[in-house]
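**Q** For reference, this is run.cif, and it has mmCIF, C-alpha atoms and all ligand atoms.
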data_target
#
loop_
_atom_site.label_atom_id
_atom_site.label_comp_id
_atom_site.auth_asym_id
_atom_site.auth_seq_id
_atom_site.Cartn_x
_atom_site.Cartn_y
_atom_site.Cartn_z
CA MET A 16 0.00 0.00 0.00
CA ASN A 17 1.49 3.38 -0.91
CA GLN A 18 1.58 6.39 1.41
CA HIS A 19 -1.30 8.08 -0.45
CA ALA A 20 -3.63 5.12 0.00
CA ARG A 21 -2.91 4.96 3.73
CA LEU A 22 -3.71 8.66 4.19
CA ASP A 23 -7.00 8.09 2.38
CA GLU A 24 -8.09 5.61 5.01
CA GLN A 25 -6.95 7.43 8.12
CA PRO A 26 -9.80 7.88 10.61
CA ILE A 27 -11.19 11.41 10.62
CA PRO A 28 -12.94 13.06 13.57
CA PHE A 29 -16.67 13.83 13.58
CA ILE A 30 -15.96 17.23 15.17
CA ASP A 31 -12.35 18.47 15.31
CA VAL A 32 -11.81 20.70 18.35
CA ALA A 33 -8.02 20.24 18.03
CA ALA A 34 -7.94 21.78 14.50
CA GLN A 35 -9.56 24.92 15.87
CA ARG A 36 -7.04 25.03 18.72
CA ARG A 37 -4.24 24.93 16.18
CA ARG A 38 -5.76 27.89 14.31
CA LEU A 39 -6.21 29.93 17.49
CA GLY A 40 -2.59 29.32 18.48
CA ARG A 41 -1.65 30.93 21.79
CA ALA A 42 -4.65 33.29 21.94
CA ILE A 43 -6.71 31.05 24.23
CA ASP A 44 -3.76 30.03 26.40
CA ASP A 45 -2.98 33.73 26.90
CA ALA A 46 -6.62 34.53 27.66
CA ILE A 47 -6.75 31.78 30.30
CA ALA A 48 -3.41 32.96 31.72
CA ARG A 49 -4.90 36.45 32.19
CA VAL A 50 -7.70 34.95 34.30
CA LEU A 51 -5.17 32.95 36.30
CA ALA A 52 -3.32 36.22 36.94
CA HIS A 53 -6.32 38.27 38.12
CA CYS A 54 -7.97 35.33 39.97
CA GLN A 55 -11.56 36.58 39.56
CA PHE A 56 -12.80 33.09 38.70
CA ILE A 57 -16.46 33.89 39.34
CA HIS A 58 -18.03 36.78 37.41
CA GLY A 59 -14.66 38.24 36.47
CA PRO A 60 -14.42 41.00 33.86
CA GLU A 61 -14.40 38.50 30.95
CA VAL A 62 -17.98 37.46 31.76
CA ARG A 63 -19.32 40.99 31.37
CA ALA A 64 -17.18 41.52 28.24
CA LEU A 65 -18.52 38.31 26.72
CA GLU A 66 -22.11 39.32 27.45
CA THR A 67 -21.56 42.64 25.67
CA GLU A 68 -20.02 40.86 22.65
CA LEU A 69 -22.73 38.18 22.47
CA ALA A 70 -25.52 40.75 22.61
CA ALA A 71 -23.84 42.85 19.88
CA PHE A 72 -23.20 39.76 17.74
CA CYS A 73 -26.87 38.89 17.46
CA GLY A 74 -28.45 42.28 17.95
CA ALA A 75 -30.17 41.58 21.30
CA ARG A 76 -30.31 44.14 24.14
CA HIS A 77 -29.06 41.67 26.73
CA ALA A 78 -26.99 38.52 26.93
CA VAL A 79 -26.97 36.73 30.28
CA ALA A 80 -24.18 34.15 30.45
CA CYS A 81 -24.83 30.99 32.45
CA SER A 82 -23.63 27.50 33.22
CA SER A 83 -25.12 25.48 30.32
CA GLY A 84 -27.72 25.47 27.59
CA THR A 85 -30.02 23.47 29.83
CA ASP A 86 -29.72 26.00 32.64
CA ALA A 87 -30.31 28.80 30.13
CA LEU A 88 -33.67 27.22 29.26
CA LEU A 89 -34.52 26.48 32.89
CA LEU A 90 -33.67 29.98 34.13
CA VAL A 91 -36.10 31.50 31.62
CA LEU A 92 -38.94 29.18 32.62
CA MET A 93 -38.20 29.98 36.28
CA ALA A 94 -38.18 33.73 35.52
CA TRP A 95 -41.56 33.38 33.81
CA GLU A 96 -42.82 31.39 36.83
CA ILE A 97 -44.04 28.50 34.72
CA GLY A 98 -45.22 25.62 36.87
CA PRO A 99 -47.81 22.95 37.72
CA GLY A 100 -51.04 22.91 35.70
CA GLU A 101 -49.35 24.69 32.79
CA ALA A 102 -48.32 23.28 29.42
CA VAL A 103 -45.25 24.11 27.40
CA ILE A 104 -45.29 22.88 23.80
CA CYS A 105 -42.03 21.23 22.64
CA PRO A 106 -41.10 19.46 19.41
CA ALA A 107 -40.74 15.69 19.93
CA PHE A 108 -37.71 15.49 17.63
CA THR A 109 -35.04 17.19 19.76
CA PHE A 110 -32.49 16.59 22.51
CA CYS A 111 -34.17 15.75 25.84
CA ALA A 112 -33.06 19.01 27.54
CA THR A 113 -35.81 20.91 25.66
CA ALA A 114 -38.55 19.08 27.56
CA GLU A 115 -36.49 18.26 30.65
CA VAL A 116 -36.56 21.85 31.88
CA VAL A 117 -40.35 21.97 31.56
CA ALA A 118 -40.70 18.88 33.74
CA LEU A 119 -38.16 20.27 36.23
CA CYS A 120 -40.42 23.30 36.70
CA GLY A 121 -43.37 21.03 37.45
CA ALA A 122 -45.11 22.02 34.20
CA THR A 123 -46.17 19.57 31.48
CA PRO A 124 -44.32 19.28 28.18
CA VAL A 125 -46.79 18.63 25.36
CA MET A 126 -45.04 17.10 22.34
CA ALA A 127 -45.74 18.51 18.90
CA ASP A 128 -44.53 17.23 15.54
CA VAL A 129 -41.87 18.63 13.21
CA GLU A 130 -41.53 19.23 9.47
CA ALA A 131 -39.57 16.54 7.63
CA GLU A 132 -37.67 18.96 5.37
CA THR A 133 -36.34 21.23 8.12
CA PHE A 134 -36.50 18.92 11.20
CA ASN A 135 -38.11 21.88 13.03
CA LEU A 136 -41.43 22.49 14.82
CA ASP A 137 -44.40 22.28 12.46
CA PRO A 138 -46.57 25.38 13.10
CA ALA A 139 -49.74 23.42 12.27
CA SER A 140 -48.83 20.83 14.91
CA LEU A 141 -48.12 23.61 17.43
CA GLU A 142 -51.64 24.93 16.86
CA ARG A 143 -53.05 21.42 17.43
CA ALA A 144 -50.88 20.91 20.53
CA VAL A 145 -52.38 24.05 22.12
CA ALA A 146 -55.83 22.51 21.66
CA THR A 147 -54.60 19.16 23.02
CA ALA A 148 -53.23 20.88 26.14
CA LYS A 149 -56.52 22.71 26.77
CA LYS A 150 -58.50 19.51 26.29
CA LEU A 151 -56.34 17.93 29.01
CA GLY A 152 -57.18 20.79 31.38
CA LEU A 153 -53.74 22.39 31.14
CA LYS A 154 -53.14 26.09 30.61
CA PRO A 155 -50.84 26.55 27.59
CA ARG A 156 -48.19 29.09 28.73
CA ALA A 157 -45.24 28.79 26.36
CA VAL A 158 -43.68 27.13 23.35
CA ILE A 159 -40.06 26.10 22.96
CA PRO A 160 -39.22 25.94 19.27
CA VAL A 161 -35.83 24.34 18.58
CA ASP A 162 -33.54 25.44 15.74
CA LEU A 163 -32.33 21.93 15.13
CA PHE A 164 -28.96 21.09 13.58
CA GLY A 165 -28.21 24.82 13.21
CA LEU A 166 -31.24 25.80 11.12
CA PRO A 167 -33.82 28.35 12.36
CA ALA A 168 -37.38 27.18 12.88
CA ASP A 169 -40.21 29.08 11.14
CA HIS A 170 -40.17 31.88 13.72
CA ASP A 171 -42.72 34.22 12.12
CA ALA A 172 -45.33 31.48 11.82
CA ILE A 173 -44.63 30.35 15.40
CA ALA A 174 -44.80 33.93 16.72
CA ALA A 175 -48.19 34.45 15.07
CA ILE A 176 -49.64 31.32 16.71
CA ALA A 177 -48.04 32.25 20.03
CA ALA A 178 -49.61 35.73 19.86
CA ALA A 179 -53.03 34.27 19.06
CA HIS A 180 -52.88 31.96 22.11
CA ASP A 181 -50.98 34.24 24.49
CA LEU A 182 -47.96 31.93 24.63
CA LEU A 183 -44.47 32.99 25.60
CA VAL A 184 -41.77 31.88 23.14
CA LEU A 185 -38.48 30.52 24.43
CA ASP A 186 -36.26 29.70 21.47
CA ASP A 187 -33.94 26.72 22.04
CA ALA A 188 -30.98 27.82 19.92
CA ALA A 189 -28.53 25.45 21.65
CA GLN A 190 -27.40 24.17 18.25
CA SER A 191 -27.81 27.31 16.22
CA PHE A 192 -26.19 30.42 17.70
CA GLY A 193 -25.12 32.56 14.72
CA ALA A 194 -27.86 31.41 12.34
CA THR A 195 -30.20 33.94 10.68
CA TYR A 196 -33.90 34.02 9.87
CA ARG A 197 -35.22 36.64 7.46
CA GLY A 198 -32.12 38.78 7.93
CA ARG A 199 -32.07 38.65 11.75
CA LYS A 200 -29.78 36.57 13.91
CA LEU A 201 -31.30 34.12 16.38
CA GLY A 202 -31.31 35.84 19.75
CA ALA A 203 -33.09 38.89 18.36
CA LEU A 204 -36.27 37.05 17.37
CA ALA A 205 -38.07 35.51 20.32
CA PRO A 206 -38.84 37.09 23.73
CA ALA A 207 -36.03 34.83 25.05
CA THR A 208 -33.44 32.67 23.31
CA ALA A 209 -31.27 30.10 25.06
CA THR A 210 -28.02 28.79 23.65
CA SER A 211 -25.33 26.30 24.64
CA PHE A 212 -21.55 26.56 24.56
CA PHE A 213 -20.99 22.82 25.03
CA PRO A 214 -17.66 22.05 23.26
CA ALA A 215 -19.27 20.30 20.27
CA LYS A 216 -21.62 23.21 19.52
CA PRO A 217 -20.79 25.65 16.69
CA LEU A 218 -19.61 28.17 19.31
CA GLY A 219 -18.28 25.95 22.09
CA CYS A 220 -16.16 26.58 25.17
CA TYR A 221 -13.86 24.14 26.99
CA GLY A 222 -16.45 22.83 29.41
CA ASP A 223 -20.11 23.62 30.03
CA GLY A 224 -21.60 27.01 29.30
CA GLY A 225 -24.65 28.77 27.95
CA ALA A 226 -26.39 32.11 27.56
CA ILE A 227 -29.80 33.73 27.30
CA LEU A 228 -30.47 36.53 24.82
CA THR A 229 -33.37 38.91 25.26
CA ASP A 230 -34.56 42.46 24.63
CA ASP A 231 -36.61 42.41 27.83
CA ASP A 232 -34.89 44.48 30.57
CA ASP A 233 -37.00 43.06 33.36
CA LEU A 234 -36.44 39.44 32.27
CA ALA A 235 -32.67 40.05 32.03
CA ALA A 236 -32.63 41.44 35.58
CA ARG A 237 -34.53 38.42 36.91
CA LEU A 238 -32.20 36.03 35.07
CA ARG A 239 -29.13 37.76 36.57
CA SER A 240 -30.67 37.26 40.01
CA LEU A 241 -31.78 33.65 39.39
CA ARG A 242 -28.35 32.50 38.22
CA VAL A 243 -26.92 33.55 41.61
CA HIS A 244 -29.35 31.92 44.06
CA GLY A 245 -32.04 34.51 43.39
CA GLU A 246 -29.95 37.29 44.91
CA GLY A 247 -31.54 40.69 45.59
CA THR A 248 -29.58 43.75 46.62
CA ASP A 249 -26.52 41.59 47.33
CA LYS A 250 -25.64 37.93 47.51
CA TYR A 251 -26.88 37.57 51.11
CA ASP A 252 -30.28 39.00 50.20
CA ALA A 253 -32.33 36.11 48.79
CA ALA A 254 -35.12 37.74 46.80
CA ARG A 255 -36.33 34.54 45.09
CA ILE A 256 -35.45 30.84 44.81
CA GLY A 257 -32.63 30.54 42.29
CA MET A 258 -29.72 28.33 41.28
CA THR A 259 -25.94 28.25 41.01
CA ALA A 260 -25.89 28.80 37.27
CA ARG A 261 -23.00 31.14 36.48
CA LEU A 262 -20.56 30.88 33.58
CA ASP A 263 -16.98 30.50 34.85
CA THR A 264 -14.66 33.40 34.00
CA ILE A 265 -12.20 31.00 32.32
CA GLN A 266 -14.93 29.79 29.94
CA ALA A 267 -15.87 33.40 29.15
CA ALA A 268 -12.21 34.10 28.32
CA VAL A 269 -12.15 31.10 25.96
CA LEU A 270 -15.39 32.19 24.28
CA LEU A 271 -14.20 35.78 23.77
CA GLU A 272 -11.29 34.46 21.69
CA LYS A 273 -13.44 31.99 19.80
CA LEU A 274 -16.06 34.62 19.00
CA LYS A 275 -13.40 36.56 17.06
CA ILE A 276 -13.18 33.79 14.45
CA PHE A 277 -16.77 32.56 14.68
CA SER A 278 -18.12 34.43 11.63
CA ASP A 279 -15.29 32.97 9.52
CA GLU A 280 -16.10 29.52 10.83
CA ILE A 281 -19.76 29.92 9.88
CA VAL A 282 -18.67 30.77 6.32
CA ALA A 283 -16.44 27.67 6.27
CA ARG A 284 -19.25 25.43 7.57
CA ASN A 285 -21.57 26.75 4.86
CA ALA A 286 -18.97 26.09 2.15
CA ILE A 287 -18.63 22.49 3.37
CA ALA A 288 -22.40 22.03 3.50
CA GLN A 289 -22.68 23.31 -0.07
CA ARG A 290 -19.98 20.94 -1.25
CA TYR A 291 -21.68 18.02 0.49
CA ALA A 292 -24.98 19.09 -1.09
CA SER A 293 -23.64 19.17 -4.62
CA GLY A 294 -21.69 15.94 -4.16
CA LEU A 295 -24.59 14.04 -2.62
CA ALA A 296 -27.47 15.26 -4.79
CA GLY A 297 -29.52 12.31 -5.92
CA VAL A 298 -28.19 9.72 -3.45
CA ALA A 299 -29.96 10.82 -0.25
CA ILE A 300 -32.56 13.33 0.93
CA LEU A 301 -30.48 16.40 1.79
CA PRO A 302 -31.21 19.09 4.38
CA ARG A 303 -33.15 22.05 2.98
CA VAL A 304 -32.35 25.66 3.81
CA ASP A 305 -34.76 28.10 2.22
CA ASN A 306 -33.38 31.41 1.02
CA GLU A 307 -34.81 33.29 4.00
CA SER A 308 -32.57 31.48 6.50
CA THR A 309 -28.95 30.58 7.02
CA SER A 310 -27.77 27.59 9.04
CA VAL A 311 -24.65 27.23 11.17
CA TRP A 312 -24.61 23.50 10.39
CA ALA A 313 -24.22 22.09 13.88
CA GLN A 314 -24.90 18.83 12.03
CA TYR A 315 -25.10 17.84 8.39
CA THR A 316 -27.98 15.38 8.54
CA ILE A 317 -29.20 13.43 5.56
CA ARG A 318 -32.20 11.12 5.28
CA LEU A 319 -32.28 7.64 3.81
CA VAL A 320 -35.02 5.16 3.12
CA PRO A 321 -35.53 3.13 6.31
CA GLY A 322 -33.15 0.20 6.66
CA ARG A 323 -30.26 1.79 4.72
CA ARG A 324 -28.51 3.75 7.42
CA ASP A 325 -26.88 0.86 9.28
CA THR A 326 -25.31 -0.24 6.01
CA LEU A 327 -24.11 3.32 5.34
CA ALA A 328 -22.72 3.76 8.87
CA ALA A 329 -20.85 0.43 8.64
CA ALA A 330 -19.44 1.21 5.16
CA LEU A 331 -18.20 4.65 6.30
CA LYS A 332 -16.76 3.26 9.51
CA GLU A 333 -14.69 0.79 7.45
CA LYS A 334 -13.23 3.82 5.69
CA GLY A 335 -12.46 5.71 8.91
CA ILE A 336 -15.45 8.07 8.57
CA PRO A 337 -17.61 8.42 11.72
CA THR A 338 -21.35 9.10 11.63
CA ALA A 339 -23.92 9.82 14.35
CA ILE A 340 -27.66 9.46 14.73
CA TYR A 341 -29.51 12.45 16.12
CA TYR A 342 -32.03 11.23 17.25
CA ALA A 343 -32.76 7.52 17.16
CA LYS A 344 -35.67 7.96 19.59
CA PRO A 345 -37.99 10.95 19.61
CA LEU A 346 -38.83 12.27 23.08
CA HIS A 347 -42.14 10.47 23.47
CA ARG A 348 -40.29 7.13 22.95
CA GLN A 349 -37.80 7.90 25.74
CA ALA A 350 -38.51 6.22 29.09
CA ALA A 351 -38.37 9.51 31.00
CA TYR A 352 -40.80 11.32 28.68
CA SER A 353 -43.18 8.60 27.51
CA SER A 354 -45.87 9.56 30.02
CA PHE A 355 -46.20 13.17 28.82
CA PRO A 356 -48.99 14.09 26.42
CA VAL A 357 -48.51 14.12 22.67
CA VAL A 358 -50.42 16.26 20.21
CA ASP A 359 -53.75 14.88 18.93
CA GLY A 360 -53.02 13.02 15.72
CA GLY A 361 -49.63 11.82 16.97
CA LEU A 362 -46.08 12.41 15.83
CA PRO A 363 -45.71 10.58 12.51
CA VAL A 364 -42.93 12.82 11.15
CA SER A 365 -40.80 12.61 14.31
CA GLU A 366 -41.19 8.83 14.25
CA ARG A 367 -40.18 8.62 10.61
CA LEU A 368 -37.19 10.92 11.00
CA ALA A 369 -35.91 8.82 13.88
CA GLU A 370 -35.66 5.91 11.40
CA GLU A 371 -34.19 7.90 8.53
CA VAL A 372 -31.59 10.39 9.79
CA ILE A 373 -27.83 10.06 9.85
CA SER A 374 -25.30 12.86 10.37
CA LEU A 375 -21.96 13.17 8.56
CA PRO A 376 -18.76 14.75 9.94
CA MET A 377 -19.17 18.53 10.18
CA HIS A 378 -16.90 21.25 11.53
CA ALA A 379 -15.21 24.32 10.09
CA TYR A 380 -11.86 22.64 9.45
CA ILE A 381 -12.71 19.74 7.11
CA GLU A 382 -10.33 20.13 4.20
CA GLU A 383 -11.55 19.70 0.62
CA PRO A 384 -9.86 16.32 0.02
CA VAL A 385 -11.54 15.02 3.19
CA GLN A 386 -14.91 16.44 2.12
CA ASP A 387 -14.45 14.65 -1.20
CA ARG A 388 -13.56 11.46 0.63
CA VAL A 389 -16.79 11.64 2.65
CA VAL A 390 -18.86 12.34 -0.47
CA ALA A 391 -17.25 9.51 -2.45
CA ALA A 392 -17.72 7.03 0.40
CA VAL A 393 -21.40 7.96 0.85
CA ARG A 394 -22.05 7.79 -2.90
CA GLN A 395 -20.40 4.41 -3.13
CA ALA A 396 -22.29 2.98 -0.16
CA LEU A 397 -25.64 4.33 -1.34
CA ALA A 398 -25.41 3.74 -5.08
CA GLY A 399 -28.95 3.05 -6.27
CA SER A 400 -30.65 3.44 -2.87
CA LEU A 401 -32.98 6.45 -3.38
C1 LIG A 501 -31.54 21.21 21.34
C2 LIG A 501 -30.73 21.27 22.59
N1 LIG A 501 -31.24 21.90 23.68
C3 LIG A 501 -30.56 22.00 24.82
C4 LIG A 501 -29.30 21.47 24.96
C5 LIG A 501 -28.61 21.55 26.27
O1 LIG A 501 -27.39 22.22 26.24
P1 LIG A 501 -26.27 21.87 27.34
O2 LIG A 501 -25.66 20.57 26.98
O3 LIG A 501 -25.29 23.02 27.23
O4 LIG A 501 -26.92 21.86 28.66
C6 LIG A 501 -28.71 20.82 23.87
C7 LIG A 501 -27.36 20.22 23.99
O5 LIG A 501 -27.00 19.27 23.36
C8 LIG A 501 -29.43 20.71 22.65
O6 LIG A 501 -28.93 20.09 21.59
#
Rewrite the structure from the file as structure tokens, please.

**A**
Amino acid sequence: MNQHARLDEQPIPFIDVAAQRRRLGRAIDDAIARVLAHCQFIHGPEVRALETELAAFCGARHAVACSSGTDALLLVLMAWEIGPGEAVICPAFTFCATAEVVALCGATPVMADVEAETFNLDPASLERAVATAKKLGLKPRAVIPVDLFGLPADHDAIAAIAAAHDLLVLDDAAQSFGATYRGRKLGALAPATATSFFPAKPLGCYGDGGAILTDDDDLAARLRSLRVHGEGTDKYDAARIGMTARLDTIQAAVLLEKLKIFSDEIVARNAIAQRYASGLAGVAILPRVDNESTSVWAQYTIRLVPGRRDTLAAALKEKGIPTAIYYAKPLHRQAAYSSFPVVDGGLPVSERLAEEVISLPMHAYIEEPVQDRVVAAVRQALAGSL
């Protein structure tokens, strides 16, 4: 075997955090060293600086940094005092954290279906889920649309339904910070938007982290209190029941450096997605982005006829190419969530997607020869399968 052939079969990562570290060079090490020098590990100056940068990046009045994407969602529900007897509508095809926070507040997640082409909340199903909740004697209070795999949900349609039913909208943008919908960045669309800085996310830190974006001054003030045990005038004045949900200063320092190259990385992710799309046309159902939105491609997820994806995953694995399945089980099929109500008419699209989806390697540093290798391997494995 010659050297070239061996390189062609070397395993590649699904997400390459190390490649980004190489690009950033010493910038992050220096940023962390500055925190080690000033020793303000909790709510040091980098946290405030990051909040200012995040808010400016997406055009929101406030960014409130916190300990994770899950806590970002939970803090908002706590601030809105959502609780027992109330329903929050969630898509069934999402990561469990979307509904977990609703249950943690003592409210009831009501599962709605998604659209097959975008993987995102179907506005028609949202409308039906509101009726389902009322029929069950619950008061519909909020909806949590998810911008899955980096692509914005249909926010205008969701906002119109929310307005008609007096629902609060908490956007779960854990996978999609940086994406745009009709010319606006996520974070400037819904009354509150939560995001995650988990390392594998498009904008990730080196541990857990998250943020809430909002234009609402009063909500931002309550969130700042809730993330520090519900503090009032000072930390020994407990104005409300809160949490320990701060973002560490070191993580803020990491994120400040990463934010400087984030727009470039979004461009690179889009170039890779476009190359995948042209290389894979005709062999699988490809993700659709209409011309009113941009995605940050947290995942590049294709759909196959049921039964084909195990064969594809095995063929790619043989060639050193990892794949992942997000999500093999929709929420209502998960043990922890199976007792919560589902929308009248059921969740046929979520069920189908769970059988069809498979995600290919995606990050901003996949070089063209590697992109071509992925495309060629998928084409070969799927020849004649559509
Ligand atoms: C859709 C969605 N919501 C919420 C979260 C929770 O974010 P975190 O892991 O930072 O708590 C995630 C993380 O994977 C997610 O994908």

**Q** Would you mind telling me which residue in A:Ser293, A:Pro26, A:Trp95, A:Thr147 lies nearest to Glu333 (chain A) when using only C-alpha atoms?

**A**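 The answer is A:Pro26, which sits nearest to Glu333 (chain A).
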
**Q** Find the residues around Asp171 (chain A) up to 12 Å (all atoms listed in the file counted), leave out those fewer than 6 positions away in its own chain, and share them as a list of chain:residue names.

**A**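 Close residues of Asp171 (chain A): A:Pro138, A:Pro160, A:Ala177, A:Ala178, A:Val184, A:Tyr196, A:Arg197, A:Arg199, A:Leu204, A:Ala205, A:Glu307, A:Ser308.
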
**Q** Smallest atom-to-atom distance to ligand LIG 501 (chain A): which of A:Asp223, A:Asp45, A:Glu68, A:Glu24, using only C-alpha atoms and all ligand atoms?

**A**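 Selected residue with least distance to ligand LIG 501 (chain A): A:Asp223.
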
**Q** May I ask which of the residues A:Val91, A:Ala42, A:Ile57, A:Ala139 is the closest one to Ala235 (chain A), counting all atoms listed in the file?

**A** A:Val91

**Q** Ligand LIG 501 (chain A): which residues are within 9 Å, counting all atoms listed in the file? Reply as a ChimeraX atom specification.

**A** /A:82-88,109-114,161-164,187-191,209-216,223-225

**Q** Please measure the separation of CA of Glu142 (chain A) and CA of Phe355 (chain A), giving the value in Å to one decimal.

**A**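 Computing it gives 17.6 Å between the two atoms.
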
**Q** Please work out which residues fall within 10 Å of (-27.1, 12.6, 19.4), coordinates as given in the file, with all atoms listed in the file counting, and return them as a PyMOL selection string.

**A** chain A and resi 109-110+314+339-344+373-374

**Q** Can you tell me, as a PyMOL selection string, which residues sit within 10 Å of (-11.4, 24.5, 18.7) in the file's frame, using only C-alpha atoms?

**A** chain A and resi 30-39+43+214-215+217-221+269+273+378-380

**Q** To one decimal place, how far is CA of Arg324 (chain A) from CA of Leu368 (chain A) in Å?

**A** 11.8 Å

**Q** Looking at A:Pro155, A:Gly222, A:Gly322, A:Pro60, which one is nearest to Glu101 (chain A), with distances taken over all atoms listed in the file?

**A**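 So, comparing all the options, the nearest one is A:Pro155.
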
**Q** Point out the residue among A:Gln349, A:Gln25, A:Asn285, A:Ser310 with the least atom-to-atom distance to Phe192 (chain A), counting all atoms listed in the file.

**A** A:Ser310

**Q** So how far away is CA of Trp312 (chain A) from CA of Leu238 (chain A), in Å?

**A**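 Result for CA of Leu238 (chain A) versus CA of Trp312 (chain A): 28.7 Å, one decimal.
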
**Q** From the list A:Leu234, A:Val364, A:Val358, A:Ile381, which residue is nearest Met126 (chain A) when using all atoms listed in the file?

**A**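 Smallest separation from Met126 (chain A) among the options: A:Val358.
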
**Q** Extract, using all atoms listed in the file, all DNA, RNA and protein residues at most 7 Å from Ala299 (chain A), discarding same-chain residues fewer than 2 positions from it, and format them as a list in words.

**A**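 That gives Leu295, Ala296, Gly297, Leu301, Ile317, Arg318, Leu319 and Leu401 of chain A.
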
**Q** Save out the residues we just selected, C-alpha atoms, as a PDB file, in the frame of the given file.

**A**
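Okay, this is what ended up in selection.pdb:
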ATOM      1  CA  LEU A 295     -24.590  14.040  -2.620  1.00  0.00           C
ATOM      2  CA  ALA A 296     -27.470  15.260  -4.790  1.00  0.00           C
ATOM      3  CA  GLY A 297     -29.520  12.310  -5.920  1.00  0.00           C
ATOM      4  CA  LEU A 301     -30.480  16.400   1.790  1.00  0.00           C
ATOM      5  CA  ILE A 317     -29.200  13.430   5.560  1.00  0.00           C
ATOM      6  CA  ARG A 318     -32.200  11.120   5.280  1.00  0.00           C
ATOM      7  CA  LEU A 319     -32.280   7.640   3.810  1.00  0.00           C
ATOM      8  CA  LEU A 401     -32.980   6.450  -3.380  1.00  0.00           C
TER       9      LEU A 401
END

**Q** Can you pull out every residue within 8 Å of Glu61 (chain A), counting all atoms listed in the file, but drop anything in the same chain fewer than 6 positions away, and send it as a ChimeraX atom specification?

**A** /A:264-265,267-268,271

**Q** Neighbours of Val357 (chain A) within 10 Å (all atoms listed in the file; same-chain residues fewer than 6 positions away dropped), as an MDAnalysis selection string?

**A** chainID A and resid 104:107 124:128 144 147:148 346:347

**Q** Centre and edge lengths of an axis-aligned box around all listed atoms of region 340-349 of chain A, with 4 Å added on each side, are to be given in Å to one decimal, as lines of an AutoDock Vina configuration file.

**A**
center_x = -34.9
center_y = 9.8
center_z = 20.2
size_x = 22.5
size_y = 13.3
size_z = 19.0

**Q** Could you pull the residues within 8 Å of Gly245 (chain A), counting all atoms listed in the file, minus those fewer than 6 positions along the same chain, as number ranges by chain?

**A** A: 237, 253-258

**Q** Can I get the selected residues back with C-alpha atoms, as a compact mmCIF listing (two decimals), keeping the file's coordinate frame?

**A**
# COMPACT_ATOMS: atom_id res chain seq x y z
CA ARG A 237 -34.53 38.42 36.91
CA ALA A 253 -32.33 36.11 48.79
CA ALA A 254 -35.12 37.74 46.80
CA ARG A 255 -36.33 34.54 45.09
CA ILE A 256 -35.45 30.84 44.81
CA GLY A 257 -32.63 30.54 42.29
CA MET A 258 -29.72 28.33 41.28

**Q** Please fill the gaps in region 37-45 of chain A so it has N, CA, C and O atoms, and write that as a CSV table (one decimal), keeping the file's coordinate frame.

**A**
chain,number,residue,atom,x,y,z
A,37,ARG,N,-5.5,24.6,16.9
A,37,ARG,CA,-4.2,24.9,16.2
A,37,ARG,C,-4.4,26.3,15.5
A,37,ARG,O,-3.5,27.1,15.5
A,38,ARG,N,-5.6,26.6,15.0
A,38,ARG,CA,-5.8,27.9,14.3
A,38,ARG,C,-5.6,29.0,15.3
A,38,ARG,O,-5.1,30.1,15.0
A,39,LEU,N,-6.2,28.8,16.5
A,39,LEU,CA,-6.2,29.9,17.5
A,39,LEU,C,-4.8,30.2,18.1
A,39,LEU,O,-4.6,31.2,18.7
A,40,GLY,N,-4.0,29.2,18.0
A,40,GLY,CA,-2.6,29.3,18.5
A,40,GLY,C,-2.6,29.6,20.0
A,40,GLY,O,-3.3,29.0,20.7
A,41,ARG,N,-1.8,30.7,20.4
A,41,ARG,CA,-1.6,30.9,21.8
A,41,ARG,C,-2.8,31.8,22.3
A,41,ARG,O,-2.8,32.1,23.5
A,42,ALA,N,-3.7,32.3,21.5
A,42,ALA,CA,-4.6,33.3,21.9
A,42,ALA,C,-5.4,32.8,23.2
A,42,ALA,O,-5.6,33.6,24.1
A,43,ILE,N,-5.9,31.5,23.1
A,43,ILE,CA,-6.7,31.0,24.2
A,43,ILE,C,-5.8,30.8,25.5
A,43,ILE,O,-6.2,31.1,26.6
A,44,ASP,N,-4.7,30.3,25.3
A,44,ASP,CA,-3.8,30.0,26.4
A,44,ASP,C,-3.5,31.4,27.1
A,44,ASP,O,-3.5,31.4,28.3
A,45,ASP,N,-3.3,32.4,26.3
A,45,ASP,CA,-3.0,33.7,26.9
A,45,ASP,C,-4.2,34.3,27.6
A,45,ASP,O,-4.1,34.9,28.7
